[in-house]
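Worksheet: the structure to be examined is printed underneath.
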Amino acid sequence: MYAQMVKSTGKGVKTRDDMTEEERHFQDKVDADIKIEPRDWMPEEYRKTLIRQIGQHAHSEIVGQLPEGNWITRAPTLERKAILLAKVQDEAGHGLYLYCAAETLGISRDEMTEMLLSGRMKYSSIFNYPTLTWADIGAVGWLVDGAAIMNQVPLQRTSYGPYSRAMIRICKEESFHQRQGYDIMMKMAQGSPAQKRMAQDALNRFWYPSLMMFGPSDKESVHSAQSMAWKIKINTNDELRQKFVDQTVPQAEYLGLTIPDDKLKLNEETGHYAFSEPDWTEFFNVLKGNGPCNNERLEARQKAWEDGQWVRDGMLAHARKKAARAGAAQMAAE
Ligand code: 3HC
């Protein structure tokens with residue numbers, strides 16, 4: 001498997017001959033699908049790559065609450081409100097599992113948050129787009145959570161134990177999220193002509209940003225080759241994007257909606273759809289902070305961080321007092 005990867009992707013991946021004894025032993029474990037655990041030896045770059053990816057993933061879950069949280073007060077029925085509330089709470093939980101998984105690699109949640117707020121860590125590009133109508137909440141569940149699942153199901157088999165275990169739990173909940181989004185789209189698509197137009201408009205605006213969630217094309221991806229050799233990533237960005245398109249087009253057809261792509265065409269022989277690439281200039285611009293909602297999202301995180309300072313201070317003071325009491329009790333007992 002490893003030899004195959006080096007052959008197929010080449011760039012930046014050490015050959016076996018270039019590895020130290022420790023690195024070879026590590027690679028053998030990865031190749032044999034033995035999970036790497038926090039106390040095991042690991043190459044420094046493996047640790048850093050995981051912190052980058054898991055941290056970015058955790059931030060995405062947390063920032064991802066903002067566009068949907070925006071609609072909790074305006075959900076059309078009590079039932080829809082309860083469902084959306086539960087979904088947004090799930091996302092908070094996902095963020096917390098992932099921050100915990102990253103912490104096992106020797107970085108704290110505070111450090112990761114500070115890196116996010118200072119622009120040294122990213123979150124998914126998709127959350128820099130606004131949710132303008134109720135149909136957008138359907139499109140986010142259907143397409144954004146659908147893309148997230150496509151990416152995250154293989155990550156259940158990722159080589160780092162704590163990340164893999166977090167992903168197993170997260171994927172169960174993401175499936176429910178995707179279905180609730182599709183259910184909203186179904187209601188809208190089968191509703192009045194105006195509701196159907198809203199559903200189509202949401203699909204038009206979220207289609208390409210959802211395709212961008214998988215990252216740049218394989219030619220442009222900086223980390224894929226090494227991450228796949230280490231089984232941090234199981235598939236390339238383009239492989240997952242193709243799977244997502246193949247799965248989603250029939251779902252759109254069932255809804256009676258049109259994917260906004262003139263070049264979309266099923267290849268009967270391969271069973272795969274040909275499709276137009278997203279606008280990569282837009283993607284890299286959003287990554288640089290120039291998307292429609294980048295400033296708003298970071299300002300909301302900054303405010304939440306500042307507003308929560310008194311809670312963190314209180315918890316820390318309590319923990320310190322408790323530790324001091326326990327220390328005094330132990331000394332008295334000795
Ligand atoms: N948004 C923001 N940044 C992105 C991105 C995206 N959609 N796709 C790629 N990038 C960044 C990478 O972080 C990297 O930047 P860096 O070198 O400065 O860190 C750069 O673009 C080059 O991309 P690569 O393909 O080389 O990067 P990766 O190998 O890390 O692949 C990835 C990108 C596929 C997103 C991978 O990191 C991954 O699988 N991450 C785990 C899943 C994840 O983060 N999902 C977030 C989705 S949202 C979500 O889960 C919430 C749910 O509730 C919907």
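For the structure tokens, the naming scheme is as follows: chains receive sequential letters (A, B, ...) according to their order of presentation, residues are indexed from 1 within each chain, and ligands are indexed from 1 in presentation order.
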
Could you make a table, as a tab-separated table, of the residues of chain A that have an atom within 6 Å of an atom of ligand 1, each with its nearest atom pair and distance in Å to one decimal, counting only C-alpha atoms and all ligand atoms, in chain and number order?
```
residue	atom	partner	partner_atom_place_in_ligand_line	distance
A:Gln53	CA	ligand 1	37 (O)	4.8
A:Gln56	CA	ligand 1	44 (O)	5.4
A:His57	CA	ligand 1	44 (O)	3.5
A:Ser60	CA	ligand 1	48 (S)	5.1
A:Glu61	CA	ligand 1	51 (C)	4.3
A:Gly64	CA	ligand 1	51 (C)	5.9
A:Glu91	CA	ligand 1	53 (O)	5.6
A:Lys122	CA	ligand 1	2 (C)	5.9
A:Tyr123	CA	ligand 1	2 (C)	5.3
A:Ser124	CA	ligand 1	1 (N)	3.5
A:Ser125	CA	ligand 1	1 (N)	3.7
A:Val144	CA	ligand 1	54 (C)	5.4
A:Asp145	CA	ligand 1	54 (C)	4.3
A:Ala148	CA	ligand 1	50 (O)	4.9
A:Asn151	CA	ligand 1	39 (O)	6.0
A:Met212	CA	ligand 1	7 (N)	5.4
A:Met213	CA	ligand 1	7 (N)	3.6
A:Phe214	CA	ligand 1	34 (C)	4.7
A:Gly215	CA	ligand 1	8 (N)	3.1
A:Pro216	CA	ligand 1	25 (O)	5.4
A:Ser221	CA	ligand 1	26 (O)	3.7
A:Val222	CA	ligand 1	26 (O)	3.5
A:His223	CA	ligand 1	26 (O)	3.7
A:Ser224	CA	ligand 1	29 (O)	4.4
A:Asn237	CA	ligand 1	34 (C)	5.7
A:Leu287	CA	ligand 1	2 (C)	5.8
```

Just want the 12 Å neighbourhood of Ser164 (chain A), counted on only C-alpha atoms, with same-chain residues fewer than 4 positions away dropped. Output as a ChimeraX atom specification.
/A:33-37,50,54,97-98,101-102,152-160,168-171,231-234

For the selection you just gave me, I'd like the residues written to a file as an mmCIF file, in the first residue's frame, keeping N, CA, C and O atoms.
```cif
data_model
loop_
_atom_site.group_PDB
_atom_site.id
_atom_site.type_symbol
_atom_site.label_atom_id
_atom_site.label_comp_id
_atom_site.auth_asym_id
_atom_site.auth_seq_id
_atom_site.Cartn_x
_atom_site.Cartn_y
_atom_site.Cartn_z
ATOM 1 N N ASP A 33 -2.479 -1.335 9.585
ATOM 2 C CA ASP A 33 -3.730 -0.829 10.173
ATOM 3 C C ASP A 33 -3.771 -0.944 11.696
ATOM 4 O O ASP A 33 -4.836 -1.146 12.285
ATOM 5 N N ILE A 34 -2.610 -0.808 12.317
ATOM 6 C CA ILE A 34 -2.578 -0.747 13.794
ATOM 7 C C ILE A 34 -2.704 0.727 14.164
ATOM 8 O O ILE A 34 -1.947 1.569 13.658
ATOM 9 N N LYS A 35 -3.679 1.027 15.013
ATOM 10 C CA LYS A 35 -3.922 2.444 15.340
ATOM 11 C C LYS A 35 -2.726 3.025 16.105
ATOM 12 O O LYS A 35 -2.108 2.353 16.935
ATOM 13 N N ILE A 36 -2.456 4.288 15.835
ATOM 14 C CA ILE A 36 -1.424 5.023 16.571
ATOM 15 C C ILE A 36 -2.137 5.687 17.750
ATOM 16 O O ILE A 36 -3.164 6.339 17.573
ATOM 17 N N GLU A 37 -1.591 5.498 18.948
ATOM 18 C CA GLU A 37 -2.221 6.057 20.150
ATOM 19 C C GLU A 37 -1.345 7.195 20.703
ATOM 20 O O GLU A 37 -0.158 7.273 20.379
ATOM 21 N N LEU A 50 -1.799 16.175 12.028
ATOM 22 C CA LEU A 50 -3.045 15.833 12.724
ATOM 23 C C LEU A 50 -3.611 17.035 13.470
ATOM 24 O O LEU A 50 -4.816 17.286 13.425
ATOM 25 N N ILE A 54 -7.244 18.062 12.547
ATOM 26 C CA ILE A 54 -8.289 17.872 13.571
ATOM 27 C C ILE A 54 -8.723 19.235 14.116
ATOM 28 O O ILE A 54 -9.903 19.480 14.358
ATOM 29 N N TYR A 97 -15.593 16.834 20.951
ATOM 30 C CA TYR A 97 -14.847 15.555 20.810
ATOM 31 C C TYR A 97 -13.539 15.808 20.080
ATOM 32 O O TYR A 97 -12.500 15.258 20.400
ATOM 33 N N LEU A 98 -13.652 16.650 19.019
ATOM 34 C CA LEU A 98 -12.471 16.847 18.164
ATOM 35 C C LEU A 98 -11.396 17.669 18.873
ATOM 36 O O LEU A 98 -10.208 17.375 18.736
ATOM 37 N N ALA A 101 -9.663 15.245 20.986
ATOM 38 C CA ALA A 101 -8.761 14.368 20.214
ATOM 39 C C ALA A 101 -7.467 15.120 19.896
ATOM 40 O O ALA A 101 -6.366 14.571 20.025
ATOM 41 N N ALA A 102 -7.588 16.402 19.521
ATOM 42 C CA ALA A 102 -6.379 17.187 19.197
ATOM 43 C C ALA A 102 -5.532 17.404 20.446
ATOM 44 O O ALA A 102 -4.300 17.391 20.381
ATOM 45 N N GLN A 152 -16.114 12.121 5.973
ATOM 46 C CA GLN A 152 -15.830 11.648 7.328
ATOM 47 C C GLN A 152 -16.021 10.145 7.525
ATOM 48 O O GLN A 152 -15.421 9.574 8.441
ATOM 49 N N VAL A 153 -16.840 9.520 6.683
ATOM 50 C CA VAL A 153 -17.003 8.060 6.833
ATOM 51 C C VAL A 153 -15.642 7.354 6.671
ATOM 52 O O VAL A 153 -15.254 6.558 7.525
ATOM 53 N N PRO A 154 -14.860 7.687 5.617
ATOM 54 C CA PRO A 154 -13.540 7.045 5.535
ATOM 55 C C PRO A 154 -12.630 7.424 6.713
ATOM 56 O O PRO A 154 -11.787 6.620 7.119
ATOM 57 N N LEU A 155 -12.832 8.636 7.270
ATOM 58 C CA LEU A 155 -11.969 9.057 8.391
ATOM 59 C C LEU A 155 -12.196 8.218 9.655
ATOM 60 O O LEU A 155 -11.404 8.273 10.579
ATOM 61 N N GLN A 156 -13.271 7.433 9.663
ATOM 62 C CA GLN A 156 -13.452 6.518 10.812
ATOM 63 C C GLN A 156 -12.290 5.515 10.849
ATOM 64 O O GLN A 156 -11.970 4.960 11.875
ATOM 65 N N ARG A 157 -11.667 5.304 9.673
ATOM 66 C CA ARG A 157 -10.546 4.350 9.604
ATOM 67 C C ARG A 157 -9.189 5.048 9.632
ATOM 68 O O ARG A 157 -8.165 4.440 9.335
ATOM 69 N N THR A 158 -9.187 6.337 9.971
ATOM 70 C CA THR A 158 -7.935 7.081 9.993
ATOM 71 C C THR A 158 -6.957 6.434 10.986
ATOM 72 O O THR A 158 -7.384 5.757 11.926
ATOM 73 N N SER A 159 -5.663 6.652 10.789
ATOM 74 C CA SER A 159 -4.676 5.894 11.572
ATOM 75 C C SER A 159 -4.552 6.337 13.030
ATOM 76 O O SER A 159 -4.065 5.577 13.862
ATOM 77 N N TYR A 160 -4.970 7.552 13.367
ATOM 78 C CA TYR A 160 -4.797 8.017 14.750
ATOM 79 C C TYR A 160 -6.026 7.631 15.587
ATOM 80 O O TYR A 160 -7.151 8.097 15.323
ATOM 81 N N ILE A 168 -16.252 7.979 14.514
ATOM 82 C CA ILE A 168 -17.305 6.946 14.512
ATOM 83 C C ILE A 168 -18.581 7.532 15.129
ATOM 84 O O ILE A 168 -19.679 7.402 14.601
ATOM 85 N N ARG A 169 -18.399 8.229 16.220
ATOM 86 C CA ARG A 169 -19.548 8.813 16.904
ATOM 87 C C ARG A 169 -20.161 9.964 16.072
ATOM 88 O O ARG A 169 -21.382 10.068 15.931
ATOM 89 N N ILE A 170 -19.290 10.783 15.540
ATOM 90 C CA ILE A 170 -19.769 11.950 14.787
ATOM 91 C C ILE A 170 -20.574 11.513 13.560
ATOM 92 O O ILE A 170 -21.624 12.080 13.252
ATOM 93 N N CYS A 171 -20.090 10.484 12.873
ATOM 94 C CA CYS A 171 -20.755 10.058 11.624
ATOM 95 C C CYS A 171 -22.196 9.606 11.876
ATOM 96 O O CYS A 171 -23.070 9.830 11.047
ATOM 97 N N LYS A 231 -2.052 7.402 6.244
ATOM 98 C CA LYS A 231 -3.465 7.036 6.443
ATOM 99 C C LYS A 231 -4.195 8.006 7.385
ATOM 100 O O LYS A 231 -5.098 7.616 8.114
ATOM 101 N N ILE A 232 -3.736 9.252 7.379
ATOM 102 C CA ILE A 232 -4.530 10.282 8.067
ATOM 103 C C ILE A 232 -5.753 10.524 7.185
ATOM 104 O O ILE A 232 -6.877 10.587 7.653
ATOM 105 N N LYS A 233 -5.483 10.637 5.873
ATOM 106 C CA LYS A 233 -6.571 10.701 4.888
ATOM 107 C C LYS A 233 -6.628 9.356 4.175
ATOM 108 O O LYS A 233 -5.590 8.741 3.929
ATOM 109 N N ILE A 234 -7.844 8.929 3.844
ATOM 110 C CA ILE A 234 -7.982 7.619 3.196
ATOM 111 C C ILE A 234 -8.191 7.795 1.690
ATOM 112 O O ILE A 234 -7.854 6.917 0.902
#
```

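Between CA of Ser217 (chain A) and CA of Asp246 (chain A) lies a distance of 17.0 Å.
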
Measure the distance from CA of Trp207 (chain A) to CA of Lys243 (chain A) in Å and round it to one decimal.
14.3 Å

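Comparing A:Pro292, A:Gly138, A:Pro209, A:Gly191 by their smallest distance to Gly256 (chain A), the closest is A:Gly191 (using only C-alpha atoms).
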
Residues within 7 Å of Cys293 (chain A), please, as a ChimeraX atom specification. Count only C-alpha atoms; anything in the same chain fewer than 4 positions from it doesn't count.
/A:128-130,297

Write out as a ChimeraX atom specification the set of residues from region 60-182 of chain A that DSSP, computed on the backbone, places in alpha helix (DSSP H).
/A:60-63,65-69,78-103,109-117,134-139,145-155,161-182

Point-to-point distance in Å for CA of Gln309 (chain A) and CA of Arg325 (chain A)
24.3 Å

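Compared by their closest atoms to Ala189 (chain A), and using only C-alpha atoms, the residues A:Leu240, A:Thr258, A:Ala86, A:Gly95 rank with A:Thr258 nearest.
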
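The shell of residues at most 10 Å from Asp90 (chain A), with only C-alpha atoms counted and near chain neighbours (fewer than 3 positions) removed, consists of Glu61, Ile62, Gln65, Leu84, Leu85, Ala86, Lys87, Gly93, His94, Gly95, Leu96, Ile170, Glu173, Glu174 and His177 of chain A.
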
Okay, now the selection with N, CA and C atoms, as a PDB file, in the first residue's frame?
```pdb
ATOM      1  N   GLU A  61     -16.743  22.606  13.011  1.00  0.00           N
ATOM      2  CA  GLU A  61     -17.972  22.186  13.702  1.00  0.00           C
ATOM      3  C   GLU A  61     -18.535  23.352  14.519  1.00  0.00           C
ATOM      4  N   ILE A  62     -17.640  24.071  15.184  1.00  0.00           N
ATOM      5  CA  ILE A  62     -18.097  25.168  16.052  1.00  0.00           C
ATOM      6  C   ILE A  62     -18.586  26.361  15.216  1.00  0.00           C
ATOM      7  N   GLN A  65     -21.985  26.160  13.509  1.00  0.00           N
ATOM      8  CA  GLN A  65     -23.244  26.391  14.228  1.00  0.00           C
ATOM      9  C   GLN A  65     -23.843  27.755  13.873  1.00  0.00           C
ATOM     10  N   LEU A  84     -33.828  21.490  14.611  1.00  0.00           N
ATOM     11  CA  LEU A  84     -32.663  22.321  14.282  1.00  0.00           C
ATOM     12  C   LEU A  84     -31.819  22.586  15.533  1.00  0.00           C
ATOM     13  N   LEU A  85     -32.511  22.816  16.641  1.00  0.00           N
ATOM     14  CA  LEU A  85     -31.811  23.055  17.910  1.00  0.00           C
ATOM     15  C   LEU A  85     -30.943  21.840  18.259  1.00  0.00           C
ATOM     16  N   ALA A  86     -31.532  20.645  18.107  1.00  0.00           N
ATOM     17  CA  ALA A  86     -30.786  19.418  18.429  1.00  0.00           C
ATOM     18  C   ALA A  86     -29.577  19.273  17.513  1.00  0.00           C
ATOM     19  N   LYS A  87     -29.764  19.618  16.242  1.00  0.00           N
ATOM     20  CA  LYS A  87     -28.670  19.487  15.274  1.00  0.00           C
ATOM     21  C   LYS A  87     -27.519  20.437  15.638  1.00  0.00           C
ATOM     22  N   GLY A  93     -21.162  19.440  20.193  1.00  0.00           N
ATOM     23  CA  GLY A  93     -20.580  18.198  20.748  1.00  0.00           C
ATOM     24  C   GLY A  93     -19.459  17.688  19.856  1.00  0.00           C
ATOM     25  N   HIS A  94     -19.669  17.738  18.527  1.00  0.00           N
ATOM     26  CA  HIS A  94     -18.624  17.253  17.608  1.00  0.00           C
ATOM     27  C   HIS A  94     -17.348  18.066  17.780  1.00  0.00           C
ATOM     28  N   GLY A  95     -17.548  19.382  17.907  1.00  0.00           N
ATOM     29  CA  GLY A  95     -16.383  20.245  18.107  1.00  0.00           C
ATOM     30  C   GLY A  95     -15.628  19.830  19.359  1.00  0.00           C
ATOM     31  N   LEU A  96     -16.376  19.537  20.419  1.00  0.00           N
ATOM     32  CA  LEU A  96     -15.708  19.191  21.685  1.00  0.00           C
ATOM     33  C   LEU A  96     -14.966  17.857  21.592  1.00  0.00           C
ATOM     34  N   ILE A 170     -19.290  10.783  15.540  1.00  0.00           N
ATOM     35  CA  ILE A 170     -19.769  11.950  14.787  1.00  0.00           C
ATOM     36  C   ILE A 170     -20.574  11.513  13.560  1.00  0.00           C
ATOM     37  N   GLU A 173     -24.247  10.809  13.991  1.00  0.00           N
ATOM     38  CA  GLU A 173     -25.114  11.979  14.116  1.00  0.00           C
ATOM     39  C   GLU A 173     -25.220  12.745  12.798  1.00  0.00           C
ATOM     40  N   GLU A 174     -24.141  12.753  12.023  1.00  0.00           N
ATOM     41  CA  GLU A 174     -24.176  13.483  10.741  1.00  0.00           C
ATOM     42  C   GLU A 174     -25.225  12.887   9.795  1.00  0.00           C
ATOM     43  N   HIS A 177     -28.366  14.450  10.468  1.00  0.00           N
ATOM     44  CA  HIS A 177     -28.359  15.842   9.996  1.00  0.00           C
ATOM     45  C   HIS A 177     -28.669  15.912   8.497  1.00  0.00           C
TER      46      HIS A 177
END
```

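Residue nearest Arg24 (chain A), chosen from A:Trp230, A:Lys288, A:Asp218, A:Glu269 and counting only C-alpha atoms: A:Trp230.
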